[in-house]
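Structure file input_37.cif (mmCIF, N, CA and C atoms) follows.
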```
data_final
loop_
_atom_site.label_atom_id
_atom_site.label_comp_id
_atom_site.auth_asym_id
_atom_site.auth_seq_id
_atom_site.Cartn_x
_atom_site.Cartn_y
_atom_site.Cartn_z
N LEU J 1 4.53 39.25 -1.94
CA LEU J 1 5.29 38.40 -1.05
C LEU J 1 4.91 36.94 -1.25
N GLU J 2 3.60 36.67 -1.34
CA GLU J 2 3.17 35.30 -1.57
C GLU J 2 3.74 34.74 -2.87
N ASN J 3 3.74 35.56 -3.91
CA ASN J 3 4.26 35.12 -5.21
C ASN J 3 5.76 34.81 -5.13
N VAL J 4 6.51 35.67 -4.47
CA VAL J 4 7.95 35.46 -4.33
C VAL J 4 8.23 34.16 -3.59
N VAL J 5 7.56 33.95 -2.49
CA VAL J 5 7.75 32.73 -1.71
C VAL J 5 7.34 31.51 -2.53
N SER J 6 6.25 31.62 -3.25
CA SER J 6 5.78 30.52 -4.08
C SER J 6 6.79 30.18 -5.18
N GLU J 7 7.33 31.19 -5.85
CA GLU J 7 8.32 30.97 -6.89
C GLU J 7 9.59 30.32 -6.34
N ILE J 8 10.02 30.77 -5.18
CA ILE J 8 11.21 30.19 -4.55
C ILE J 8 10.94 28.74 -4.18
N SER J 9 9.75 28.46 -3.66
CA SER J 9 9.39 27.10 -3.27
C SER J 9 9.41 26.15 -4.47
N GLU J 10 8.96 26.63 -5.61
CA GLU J 10 8.86 25.79 -6.80
C GLU J 10 10.18 25.68 -7.56
N SER J 11 11.14 26.53 -7.28
CA SER J 11 12.38 26.58 -8.06
C SER J 11 13.47 25.63 -7.57
N ASN J 12 13.22 24.92 -6.50
CA ASN J 12 14.20 24.01 -5.90
C ASN J 12 15.43 24.74 -5.35
N GLU J 13 15.35 26.04 -5.22
CA GLU J 13 16.43 26.78 -4.57
C GLU J 13 16.30 26.61 -3.07
N THR J 14 17.42 26.63 -2.41
CA THR J 14 17.35 26.55 -0.95
C THR J 14 17.62 27.92 -0.36
N ILE J 15 16.82 28.25 0.58
CA ILE J 15 16.97 29.51 1.29
C ILE J 15 17.15 29.15 2.75
N GLU J 16 18.20 29.63 3.34
CA GLU J 16 18.42 29.38 4.75
C GLU J 16 18.14 30.64 5.53
N LEU J 17 17.24 30.52 6.46
CA LEU J 17 16.95 31.61 7.38
C LEU J 17 17.43 31.18 8.75
N GLY J 18 18.25 32.00 9.34
CA GLY J 18 18.70 31.71 10.69
C GLY J 18 17.66 32.13 11.71
N PRO J 19 17.90 31.78 12.96
CA PRO J 19 16.94 32.15 14.00
C PRO J 19 16.64 33.63 14.08
N SER J 20 17.63 34.49 13.93
CA SER J 20 17.36 35.93 14.06
C SER J 20 16.45 36.42 12.93
N ASP J 21 16.65 35.93 11.71
CA ASP J 21 15.77 36.31 10.60
C ASP J 21 14.36 35.77 10.82
N PHE J 22 14.29 34.50 11.20
CA PHE J 22 12.99 33.88 11.41
C PHE J 22 12.21 34.58 12.52
N PHE J 23 12.86 34.83 13.66
CA PHE J 23 12.13 35.43 14.78
C PHE J 23 11.81 36.90 14.53
N GLY J 24 12.61 37.57 13.72
CA GLY J 24 12.23 38.92 13.30
C GLY J 24 10.90 38.90 12.57
N TYR J 25 10.76 37.94 11.66
CA TYR J 25 9.51 37.78 10.91
C TYR J 25 8.39 37.32 11.83
N PHE J 26 8.67 36.30 12.65
CA PHE J 26 7.68 35.74 13.58
C PHE J 26 7.12 36.84 14.48
N ASP J 27 8.00 37.65 15.05
CA ASP J 27 7.56 38.70 15.97
C ASP J 27 6.78 39.79 15.24
N LEU J 28 7.16 40.08 14.01
CA LEU J 28 6.42 41.07 13.22
C LEU J 28 5.00 40.60 12.96
N VAL J 29 4.86 39.34 12.63
CA VAL J 29 3.54 38.78 12.34
C VAL J 29 2.61 38.90 13.54
N PHE J 30 3.14 38.67 14.73
CA PHE J 30 2.29 38.63 15.92
C PHE J 30 2.31 39.92 16.74
N SER J 31 3.05 40.90 16.32
CA SER J 31 3.17 42.13 17.11
C SER J 31 1.85 42.91 17.11
N PRO J 32 1.27 43.10 18.29
CA PRO J 32 0.03 43.87 18.36
C PRO J 32 0.28 45.37 18.14
N ASN J 33 1.54 45.78 18.28
CA ASN J 33 1.89 47.19 18.16
C ASN J 33 2.51 47.54 16.81
N SER J 34 2.46 46.62 15.86
CA SER J 34 3.06 46.93 14.56
C SER J 34 2.20 47.95 13.83
N ASN J 35 2.84 48.69 12.97
CA ASN J 35 2.13 49.69 12.19
C ASN J 35 1.66 49.13 10.85
N LEU J 36 1.58 47.81 10.77
CA LEU J 36 1.14 47.18 9.52
C LEU J 36 -0.36 47.32 9.34
N PHE J 37 -0.75 47.45 8.10
CA PHE J 37 -2.17 47.42 7.80
C PHE J 37 -2.68 46.02 8.13
N PRO J 38 -3.90 45.90 8.63
CA PRO J 38 -4.40 44.58 9.01
C PRO J 38 -4.33 43.54 7.89
N HIS J 39 -4.63 43.95 6.65
CA HIS J 39 -4.59 42.98 5.56
C HIS J 39 -3.16 42.51 5.26
N VAL J 40 -2.18 43.37 5.51
CA VAL J 40 -0.77 42.99 5.32
C VAL J 40 -0.38 41.98 6.40
N GLN J 41 -0.83 42.22 7.61
CA GLN J 41 -0.52 41.29 8.70
C GLN J 41 -1.15 39.91 8.42
N VAL J 42 -2.34 39.89 7.83
CA VAL J 42 -2.99 38.62 7.47
C VAL J 42 -2.16 37.88 6.43
N VAL J 43 -1.67 38.60 5.42
CA VAL J 43 -0.84 37.98 4.38
C VAL J 43 0.45 37.43 4.99
N LEU J 44 1.07 38.20 5.86
CA LEU J 44 2.30 37.74 6.52
C LEU J 44 2.04 36.47 7.34
N MET J 45 0.89 36.42 7.99
CA MET J 45 0.51 35.24 8.77
C MET J 45 0.32 34.03 7.86
N GLU J 46 -0.29 34.25 6.71
CA GLU J 46 -0.54 33.15 5.77
C GLU J 46 0.76 32.56 5.23
N VAL J 47 1.80 33.36 5.15
CA VAL J 47 3.08 32.92 4.60
C VAL J 47 4.01 32.38 5.70
N LEU J 48 3.62 32.54 6.96
CA LEU J 48 4.49 32.15 8.07
C LEU J 48 4.95 30.69 8.00
N ASP J 49 4.06 29.78 7.67
CA ASP J 49 4.47 28.37 7.61
C ASP J 49 5.52 28.13 6.53
N LEU J 50 5.42 28.84 5.42
CA LEU J 50 6.45 28.72 4.38
C LEU J 50 7.78 29.28 4.86
N VAL J 51 7.73 30.40 5.54
CA VAL J 51 8.95 30.99 6.09
C VAL J 51 9.57 30.03 7.11
N LYS J 52 8.72 29.41 7.92
CA LYS J 52 9.20 28.42 8.89
C LYS J 52 9.87 27.25 8.17
N CYS J 53 9.29 26.82 7.07
CA CYS J 53 9.89 25.72 6.31
C CYS J 53 11.30 26.08 5.83
N PHE J 54 11.48 27.30 5.36
CA PHE J 54 12.82 27.75 4.94
C PHE J 54 13.78 27.73 6.13
N ALA J 55 13.30 28.20 7.26
CA ALA J 55 14.16 28.30 8.44
C ALA J 55 14.49 26.93 9.02
N PHE J 56 13.52 26.02 9.04
CA PHE J 56 13.70 24.72 9.68
C PHE J 56 14.29 23.67 8.75
N SER J 57 14.23 23.88 7.44
CA SER J 57 14.46 22.78 6.50
C SER J 57 15.90 22.27 6.40
N SER J 58 16.87 23.13 6.39
CA SER J 58 18.23 22.63 6.18
C SER J 58 18.78 22.02 7.46
N ASN J 59 19.17 20.76 7.37
CA ASN J 59 19.70 20.02 8.51
C ASN J 59 18.79 20.11 9.73
N SER J 60 17.51 19.84 9.52
CA SER J 60 16.54 20.02 10.60
C SER J 60 16.88 19.20 11.83
N ASP J 61 17.55 18.07 11.65
CA ASP J 61 17.87 17.26 12.81
C ASP J 61 18.92 17.91 13.70
N LYS J 62 19.63 18.88 13.19
CA LYS J 62 20.62 19.59 14.01
C LYS J 62 20.30 21.07 14.17
N ARG J 63 19.52 21.61 13.30
CA ARG J 63 19.28 23.04 13.26
C ARG J 63 18.17 23.50 14.21
N LEU J 64 17.21 22.64 14.47
CA LEU J 64 16.04 23.07 15.24
C LEU J 64 16.39 23.43 16.67
N ARG J 65 17.49 22.89 17.19
CA ARG J 65 17.89 23.22 18.55
C ARG J 65 18.20 24.71 18.70
N SER J 66 18.51 25.38 17.61
CA SER J 66 18.77 26.82 17.70
C SER J 66 17.48 27.64 17.69
N PHE J 67 16.35 27.01 17.39
CA PHE J 67 15.06 27.69 17.41
C PHE J 67 14.28 27.40 18.70
N PHE J 68 14.50 26.23 19.27
CA PHE J 68 13.69 25.78 20.40
C PHE J 68 13.66 26.76 21.57
N PRO J 69 14.81 27.22 22.09
CA PRO J 69 14.76 28.10 23.26
C PRO J 69 13.93 29.37 23.03
N SER J 70 14.10 29.99 21.88
CA SER J 70 13.37 31.23 21.61
C SER J 70 11.88 30.99 21.45
N LEU J 71 11.52 29.85 20.90
CA LEU J 71 10.09 29.50 20.79
C LEU J 71 9.50 29.28 22.18
N LEU J 72 10.22 28.57 23.03
CA LEU J 72 9.72 28.32 24.38
C LEU J 72 9.54 29.62 25.15
N ILE J 73 10.49 30.50 25.03
CA ILE J 73 10.42 31.79 25.74
C ILE J 73 9.23 32.62 25.24
N ARG J 74 8.89 32.51 23.97
CA ARG J 74 7.80 33.29 23.39
C ARG J 74 6.42 32.83 23.85
N LEU J 75 6.33 31.73 24.57
CA LEU J 75 5.03 31.30 25.09
C LEU J 75 4.53 32.22 26.20
N GLN J 76 5.44 32.96 26.80
CA GLN J 76 5.08 33.88 27.88
C GLN J 76 4.46 35.15 27.29
N HIS J 77 3.34 35.55 27.82
CA HIS J 77 2.71 36.82 27.43
C HIS J 77 2.50 36.93 25.92
N CYS J 78 1.80 36.00 25.34
CA CYS J 78 1.54 36.08 23.91
C CYS J 78 0.06 35.84 23.64
N SER J 79 -0.34 36.17 22.43
CA SER J 79 -1.73 35.97 22.04
C SER J 79 -2.02 34.48 21.90
N ALA J 80 -3.28 34.13 21.88
CA ALA J 80 -3.68 32.73 21.73
C ALA J 80 -3.19 32.17 20.40
N LYS J 81 -3.28 32.95 19.35
CA LYS J 81 -2.83 32.49 18.03
C LYS J 81 -1.32 32.26 18.03
N GLN J 82 -0.55 33.19 18.59
CA GLN J 82 0.90 33.04 18.65
C GLN J 82 1.26 31.81 19.49
N LYS J 83 0.55 31.60 20.58
CA LYS J 83 0.82 30.44 21.43
C LYS J 83 0.57 29.14 20.67
N THR J 84 -0.52 29.08 19.93
CA THR J 84 -0.83 27.88 19.14
C THR J 84 0.26 27.59 18.12
N VAL J 85 0.70 28.62 17.42
CA VAL J 85 1.76 28.46 16.42
C VAL J 85 3.06 28.05 17.08
N ALA J 86 3.44 28.72 18.15
CA ALA J 86 4.69 28.40 18.84
C ALA J 86 4.68 26.97 19.37
N LEU J 87 3.56 26.52 19.93
CA LEU J 87 3.46 25.16 20.44
C LEU J 87 3.60 24.14 19.31
N THR J 88 3.01 24.42 18.18
CA THR J 88 3.13 23.53 17.02
C THR J 88 4.58 23.43 16.58
N TYR J 89 5.26 24.56 16.52
CA TYR J 89 6.67 24.59 16.11
C TYR J 89 7.57 23.92 17.16
N LEU J 90 7.25 24.10 18.43
CA LEU J 90 8.02 23.44 19.49
C LEU J 90 7.92 21.92 19.38
N LEU J 91 6.71 21.43 19.12
CA LEU J 91 6.55 19.98 18.94
C LEU J 91 7.35 19.49 17.75
N GLU J 92 7.36 20.26 16.69
CA GLU J 92 8.15 19.89 15.51
C GLU J 92 9.64 19.80 15.88
N CYS J 93 10.11 20.74 16.66
CA CYS J 93 11.50 20.71 17.10
C CYS J 93 11.79 19.46 17.90
N LEU J 94 10.91 19.13 18.84
CA LEU J 94 11.11 17.95 19.67
C LEU J 94 11.06 16.66 18.86
N GLN J 95 10.23 16.64 17.85
CA GLN J 95 10.08 15.44 17.03
C GLN J 95 11.26 15.22 16.09
N GLN J 96 11.91 16.30 15.68
CA GLN J 96 12.95 16.18 14.66
C GLN J 96 14.38 16.35 15.16
N ASP J 97 14.55 16.91 16.34
CA ASP J 97 15.90 17.15 16.85
C ASP J 97 15.97 16.71 18.31
N ALA J 98 16.58 15.56 18.53
CA ALA J 98 16.65 14.99 19.88
C ALA J 98 17.32 15.92 20.89
N GLN J 99 18.19 16.78 20.44
CA GLN J 99 18.88 17.72 21.33
C GLN J 99 17.90 18.70 21.98
N CYS J 100 16.77 18.92 21.35
CA CYS J 100 15.77 19.84 21.91
C CYS J 100 15.23 19.35 23.24
N TRP J 101 15.16 18.02 23.41
CA TRP J 101 14.72 17.48 24.70
C TRP J 101 15.68 17.90 25.80
N LEU J 102 16.97 17.81 25.54
CA LEU J 102 17.97 18.21 26.54
C LEU J 102 17.90 19.70 26.82
N LEU J 103 17.72 20.49 25.78
CA LEU J 103 17.57 21.94 25.97
C LEU J 103 16.37 22.24 26.85
N TRP J 104 15.27 21.56 26.58
CA TRP J 104 14.06 21.78 27.36
C TRP J 104 14.30 21.42 28.83
N GLN J 105 14.99 20.32 29.08
CA GLN J 105 15.30 19.93 30.45
C GLN J 105 16.13 21.00 31.16
N GLN J 106 17.07 21.59 30.43
CA GLN J 106 17.91 22.64 31.01
C GLN J 106 17.12 23.92 31.27
N MET J 107 16.13 24.18 30.45
CA MET J 107 15.36 25.42 30.56
C MET J 107 14.19 25.33 31.52
N PHE J 108 13.84 24.14 31.92
CA PHE J 108 12.61 23.91 32.67
C PHE J 108 12.48 24.79 33.90
N GLY J 109 13.48 24.79 34.76
CA GLY J 109 13.40 25.55 35.99
C GLY J 109 13.25 27.04 35.79
N LYS J 110 13.93 27.56 34.80
CA LYS J 110 13.89 29.00 34.55
C LYS J 110 12.62 29.42 33.81
N HIS J 111 12.02 28.50 33.09
CA HIS J 111 10.82 28.81 32.30
C HIS J 111 9.70 27.82 32.64
N LEU J 112 9.40 27.74 33.92
CA LEU J 112 8.45 26.77 34.43
C LEU J 112 7.06 26.91 33.79
N ASN J 113 6.51 28.11 33.78
CA ASN J 113 5.17 28.30 33.23
C ASN J 113 5.11 27.92 31.75
N ASN J 114 6.14 28.29 31.00
CA ASN J 114 6.17 27.96 29.58
C ASN J 114 6.29 26.45 29.38
N SER J 115 7.10 25.82 30.21
CA SER J 115 7.27 24.36 30.13
C SER J 115 5.97 23.64 30.46
N VAL J 116 5.25 24.13 31.46
CA VAL J 116 3.96 23.54 31.80
C VAL J 116 2.99 23.70 30.64
N THR J 117 3.01 24.85 30.00
CA THR J 117 2.15 25.07 28.82
C THR J 117 2.47 24.05 27.73
N LEU J 118 3.74 23.81 27.49
CA LEU J 118 4.14 22.83 26.47
C LEU J 118 3.73 21.42 26.90
N LEU J 119 3.91 21.09 28.16
CA LEU J 119 3.48 19.78 28.65
C LEU J 119 1.97 19.59 28.50
N GLU J 120 1.21 20.63 28.81
CA GLU J 120 -0.25 20.56 28.65
C GLU J 120 -0.63 20.36 27.19
N HIS J 121 0.10 21.02 26.30
CA HIS J 121 -0.17 20.88 24.87
C HIS J 121 0.13 19.45 24.41
N ILE J 122 1.22 18.89 24.89
CA ILE J 122 1.55 17.49 24.56
C ILE J 122 0.45 16.57 25.09
N HIS J 123 0.02 16.81 26.33
CA HIS J 123 -1.04 16.00 26.92
C HIS J 123 -2.33 16.10 26.12
N ASP J 124 -2.73 17.32 25.79
CA ASP J 124 -3.98 17.55 25.07
C ASP J 124 -3.97 16.95 23.67
N ASN J 125 -2.79 16.77 23.10
CA ASN J 125 -2.65 16.25 21.74
C ASN J 125 -1.96 14.89 21.71
N TRP J 126 -2.01 14.18 22.83
CA TRP J 126 -1.26 12.95 22.97
C TRP J 126 -1.59 11.92 21.89
N ASN J 127 -2.85 11.82 21.49
CA ASN J 127 -3.22 10.82 20.49
C ASN J 127 -2.52 11.06 19.15
N ILE J 128 -2.10 12.28 18.89
CA ILE J 128 -1.34 12.60 17.67
C ILE J 128 0.17 12.54 17.97
N VAL J 129 0.57 13.12 19.08
CA VAL J 129 1.98 13.23 19.45
C VAL J 129 2.61 11.86 19.67
N VAL J 130 1.87 10.94 20.25
CA VAL J 130 2.41 9.63 20.60
C VAL J 130 2.98 8.89 19.38
N LYS J 131 2.49 9.21 18.22
CA LYS J 131 2.94 8.53 16.99
C LYS J 131 4.35 8.95 16.57
N THR J 132 4.76 10.14 16.97
CA THR J 132 6.03 10.66 16.47
C THR J 132 7.03 11.07 17.56
N VAL J 133 6.59 11.09 18.80
CA VAL J 133 7.47 11.56 19.86
C VAL J 133 8.46 10.46 20.27
N ASN J 134 9.64 10.87 20.64
CA ASN J 134 10.65 9.96 21.18
C ASN J 134 10.24 9.66 22.62
N ARG J 135 9.65 8.50 22.84
CA ARG J 135 9.09 8.17 24.15
C ARG J 135 10.16 8.11 25.24
N TYR J 136 11.32 7.60 24.89
CA TYR J 136 12.41 7.53 25.88
C TYR J 136 12.80 8.95 26.33
N ALA J 137 12.98 9.85 25.37
CA ALA J 137 13.34 11.24 25.69
C ALA J 137 12.24 11.91 26.49
N PHE J 138 11.00 11.61 26.15
CA PHE J 138 9.86 12.20 26.87
C PHE J 138 9.85 11.71 28.33
N LYS J 139 10.03 10.41 28.54
CA LYS J 139 10.06 9.88 29.90
C LYS J 139 11.22 10.47 30.70
N GLN J 140 12.36 10.59 30.06
CA GLN J 140 13.53 11.16 30.71
C GLN J 140 13.27 12.62 31.09
N THR J 141 12.61 13.34 30.20
CA THR J 141 12.27 14.74 30.46
C THR J 141 11.31 14.85 31.63
N LEU J 142 10.29 14.01 31.66
CA LEU J 142 9.34 14.01 32.78
C LEU J 142 10.04 13.69 34.10
N SER J 143 10.97 12.77 34.06
CA SER J 143 11.73 12.42 35.25
C SER J 143 12.56 13.61 35.74
N THR J 144 13.17 14.31 34.81
CA THR J 144 13.95 15.50 35.16
C THR J 144 13.06 16.56 35.80
N TYR J 145 11.87 16.76 35.24
CA TYR J 145 10.94 17.75 35.79
C TYR J 145 10.50 17.37 37.19
N GLN J 146 10.21 16.11 37.36
CA GLN J 146 9.77 15.63 38.67
C GLN J 146 10.86 15.88 39.71
N THR J 147 12.09 15.63 39.35
CA THR J 147 13.22 15.86 40.24
C THR J 147 13.35 17.34 40.58
N LYS J 148 13.22 18.20 39.58
CA LYS J 148 13.36 19.64 39.82
C LYS J 148 12.21 20.20 40.64
N ILE J 149 11.03 19.67 40.44
CA ILE J 149 9.87 20.15 41.19
C ILE J 149 9.96 19.74 42.66
N ASN J 150 10.47 18.56 42.90
CA ASN J 150 10.56 18.04 44.27
C ASN J 150 11.69 18.66 45.08
N HIS J 151 12.57 19.41 44.44
CA HIS J 151 13.68 20.04 45.18
C HIS J 151 13.47 21.49 45.37
#
```

Structure translated into structure tokens:
Amino acid sequence: LENVVSEISESNETIELGPSDFFGYFDLVFSPNSNLFPHVQVVLMEVLDLVKCFAFSSNSDKRLRSFFPSLLIRLQHCSAKQKTVALTYLLECLQQDAQCWLLWQQMFGKHLNNSVTLLEHIHDNWNIVVKTVNRYAFKQTLSTYQTKINH
């Protein structure tokens, strides 16, 4: 699998993975109930970032909005490793696709705990995030949350 992904990466071919393909792989990698041999699961985990690159790469400024909701939902009841990966990917979505901020605002009330987890992650990594985050969108998002919490 590593060799195939490596060859594809070097060949300048484009591979488009939609959200359903990506999340099928993502969920397999992190599934505690999978029947995979542990060493196979390790290899799948090592290739996950490459698979993510295939999924996120084409038209990332418009495509990431189709990944954001499912990533946010996956923060609930997941392992520490899965949470770390999902938070990293969520930040990437927010940094590259402005529409993800609006999606997050719409999802906030229904996914409060997950949204708080993402906010905490942004806070904990602010010295890195501040360099690439859309500050206007972030302030607008915080304002939306404050409004929803107060009602």

task: Might you spell out which residues the PyMOL selection byres ((chain J and resi 72) around 8) would select in the displayed file, as a ChimeraX atom specification?
output: /J:67-71,73-76,86-87,89-90,111,114-115

message: Evaluate the PyMOL selection byres ((chain J and resi 19-28) around 6.5) against this structure - the residues, as number ranges by chain, please.
response: J: 17-18, 29-31, 55, 66-67

- prompt: Of the candidates J:Leu44, J:Cys78, J:Leu91, J:Val85, which one gets nearest to Leu118 in chain J if we count only C-alpha atoms?
  reply: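 Smallest separation from Leu118 in chain J among the options: J:Leu91.
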
- prompt: Which residues fall under the PyMOL selection byres ((chain J and resi 96-105) around 6.5) in this file, as a PyMOL selection string?
  reply: chain J and resi 60-62+64-65+68+91-95+106-109+137+141

Some atoms are missing, so please complete range 94-104 of chain J with all heavy atoms and return it as an mmCIF file, in the frame of the given file.
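So the final result, stored in result29.cif, reads:
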```
data_model
loop_
_atom_site.group_PDB
_atom_site.id
_atom_site.type_symbol
_atom_site.label_atom_id
_atom_site.label_comp_id
_atom_site.auth_asym_id
_atom_site.auth_seq_id
_atom_site.Cartn_x
_atom_site.Cartn_y
_atom_site.Cartn_z
ATOM 1 N N LEU J 94 10.910 19.130 18.840
ATOM 2 C CA LEU J 94 11.110 17.950 19.670
ATOM 3 C C LEU J 94 11.060 16.660 18.860
ATOM 4 O O LEU J 94 11.788 15.716 19.131
ATOM 5 C CB LEU J 94 10.047 17.891 20.782
ATOM 6 C CG LEU J 94 10.182 18.943 21.884
ATOM 7 C CD1 LEU J 94 8.935 18.963 22.754
ATOM 8 C CD2 LEU J 94 11.425 18.710 22.717
ATOM 9 N N GLN J 95 10.230 16.640 17.850
ATOM 10 C CA GLN J 95 10.080 15.440 17.030
ATOM 11 C C GLN J 95 11.260 15.220 16.090
ATOM 12 O O GLN J 95 11.577 14.089 15.753
ATOM 13 C CB GLN J 95 8.774 15.503 16.240
ATOM 14 C CG GLN J 95 7.550 15.390 17.127
ATOM 15 C CD GLN J 95 6.275 15.833 16.436
ATOM 16 O OE1 GLN J 95 6.287 16.617 15.498
ATOM 17 N NE2 GLN J 95 5.150 15.328 16.919
ATOM 18 N N GLN J 96 11.910 16.300 15.680
ATOM 19 C CA GLN J 96 12.950 16.180 14.660
ATOM 20 C C GLN J 96 14.380 16.350 15.160
ATOM 21 O O GLN J 96 15.320 15.990 14.466
ATOM 22 C CB GLN J 96 12.687 17.185 13.527
ATOM 23 C CG GLN J 96 11.420 16.882 12.773
ATOM 24 C CD GLN J 96 11.204 17.845 11.632
ATOM 25 O OE1 GLN J 96 12.147 18.414 11.087
ATOM 26 N NE2 GLN J 96 9.968 18.050 11.254
ATOM 27 N N ASP J 97 14.550 16.910 16.340
ATOM 28 C CA ASP J 97 15.900 17.150 16.850
ATOM 29 C C ASP J 97 15.970 16.710 18.310
ATOM 30 O O ASP J 97 15.459 17.382 19.204
ATOM 31 C CB ASP J 97 16.257 18.640 16.726
ATOM 32 C CG ASP J 97 17.679 18.969 17.141
ATOM 33 O OD1 ASP J 97 18.387 18.078 17.666
ATOM 34 O OD2 ASP J 97 18.093 20.123 16.945
ATOM 35 N N ALA J 98 16.580 15.560 18.530
ATOM 36 C CA ALA J 98 16.650 14.990 19.880
ATOM 37 C C ALA J 98 17.320 15.920 20.890
ATOM 38 O O ALA J 98 17.018 15.872 22.083
ATOM 39 C CB ALA J 98 17.380 13.645 19.836
ATOM 40 N N GLN J 99 18.190 16.780 20.440
ATOM 41 C CA GLN J 99 18.880 17.720 21.330
ATOM 42 C C GLN J 99 17.900 18.700 21.980
ATOM 43 O O GLN J 99 18.169 19.227 23.061
ATOM 44 C CB GLN J 99 19.955 18.478 20.551
ATOM 45 C CG GLN J 99 20.874 19.305 21.393
ATOM 46 C CD GLN J 99 21.805 18.452 22.249
ATOM 47 O OE1 GLN J 99 22.163 17.348 21.896
ATOM 48 N NE2 GLN J 99 22.196 18.983 23.389
ATOM 49 N N CYS J 100 16.770 18.920 21.350
ATOM 50 C CA CYS J 100 15.770 19.840 21.910
ATOM 51 C C CYS J 100 15.230 19.350 23.240
ATOM 52 O O CYS J 100 14.886 20.146 24.115
ATOM 53 C CB CYS J 100 14.630 20.072 20.920
ATOM 54 S SG CYS J 100 15.136 21.037 19.479
ATOM 55 N N TRP J 101 15.160 18.020 23.410
ATOM 56 C CA TRP J 101 14.720 17.480 24.700
ATOM 57 C C TRP J 101 15.680 17.900 25.800
ATOM 58 O O TRP J 101 15.252 18.298 26.892
ATOM 59 C CB TRP J 101 14.623 15.951 24.629
ATOM 60 C CG TRP J 101 13.504 15.474 23.760
ATOM 61 C CD1 TRP J 101 13.605 15.040 22.467
ATOM 62 C CD2 TRP J 101 12.123 15.399 24.106
ATOM 63 N NE1 TRP J 101 12.361 14.697 21.993
ATOM 64 C CE2 TRP J 101 11.434 14.906 22.982
ATOM 65 C CE3 TRP J 101 11.404 15.698 25.256
ATOM 66 C CZ2 TRP J 101 10.058 14.699 22.977
ATOM 67 C CZ3 TRP J 101 10.027 15.496 25.258
ATOM 68 C CH2 TRP J 101 9.369 15.006 24.130
ATOM 69 N N LEU J 102 16.970 17.810 25.540
ATOM 70 C CA LEU J 102 17.970 18.210 26.540
ATOM 71 C C LEU J 102 17.900 19.700 26.820
ATOM 72 O O LEU J 102 18.032 20.141 27.975
ATOM 73 C CB LEU J 102 19.360 17.796 26.083
ATOM 74 C CG LEU J 102 19.582 16.288 25.940
ATOM 75 C CD1 LEU J 102 20.946 15.998 25.307
ATOM 76 C CD2 LEU J 102 19.433 15.587 27.267
ATOM 77 N N LEU J 103 17.720 20.490 25.780
ATOM 78 C CA LEU J 103 17.570 21.940 25.970
ATOM 79 C C LEU J 103 16.370 22.240 26.850
ATOM 80 O O LEU J 103 16.435 23.087 27.741
ATOM 81 C CB LEU J 103 17.401 22.643 24.616
ATOM 82 C CG LEU J 103 18.640 22.808 23.773
ATOM 83 C CD1 LEU J 103 18.273 23.328 22.390
ATOM 84 C CD2 LEU J 103 19.597 23.768 24.451
ATOM 85 N N TRP J 104 15.270 21.560 26.580
ATOM 86 C CA TRP J 104 14.060 21.780 27.360
ATOM 87 C C TRP J 104 14.300 21.420 28.830
ATOM 88 O O TRP J 104 13.889 22.143 29.728
ATOM 89 C CB TRP J 104 12.919 20.977 26.760
ATOM 90 C CG TRP J 104 11.567 21.280 27.338
ATOM 91 C CD1 TRP J 104 11.194 22.378 28.053
ATOM 92 C CD2 TRP J 104 10.401 20.472 27.223
ATOM 93 N NE1 TRP J 104 9.867 22.296 28.391
ATOM 94 C CE2 TRP J 104 9.361 21.135 27.889
ATOM 95 C CE3 TRP J 104 10.143 19.249 26.615
ATOM 96 C CZ2 TRP J 104 8.073 20.616 27.967
ATOM 97 C CZ3 TRP J 104 8.853 18.742 26.688
ATOM 98 C CH2 TRP J 104 7.825 19.422 27.357
#
```
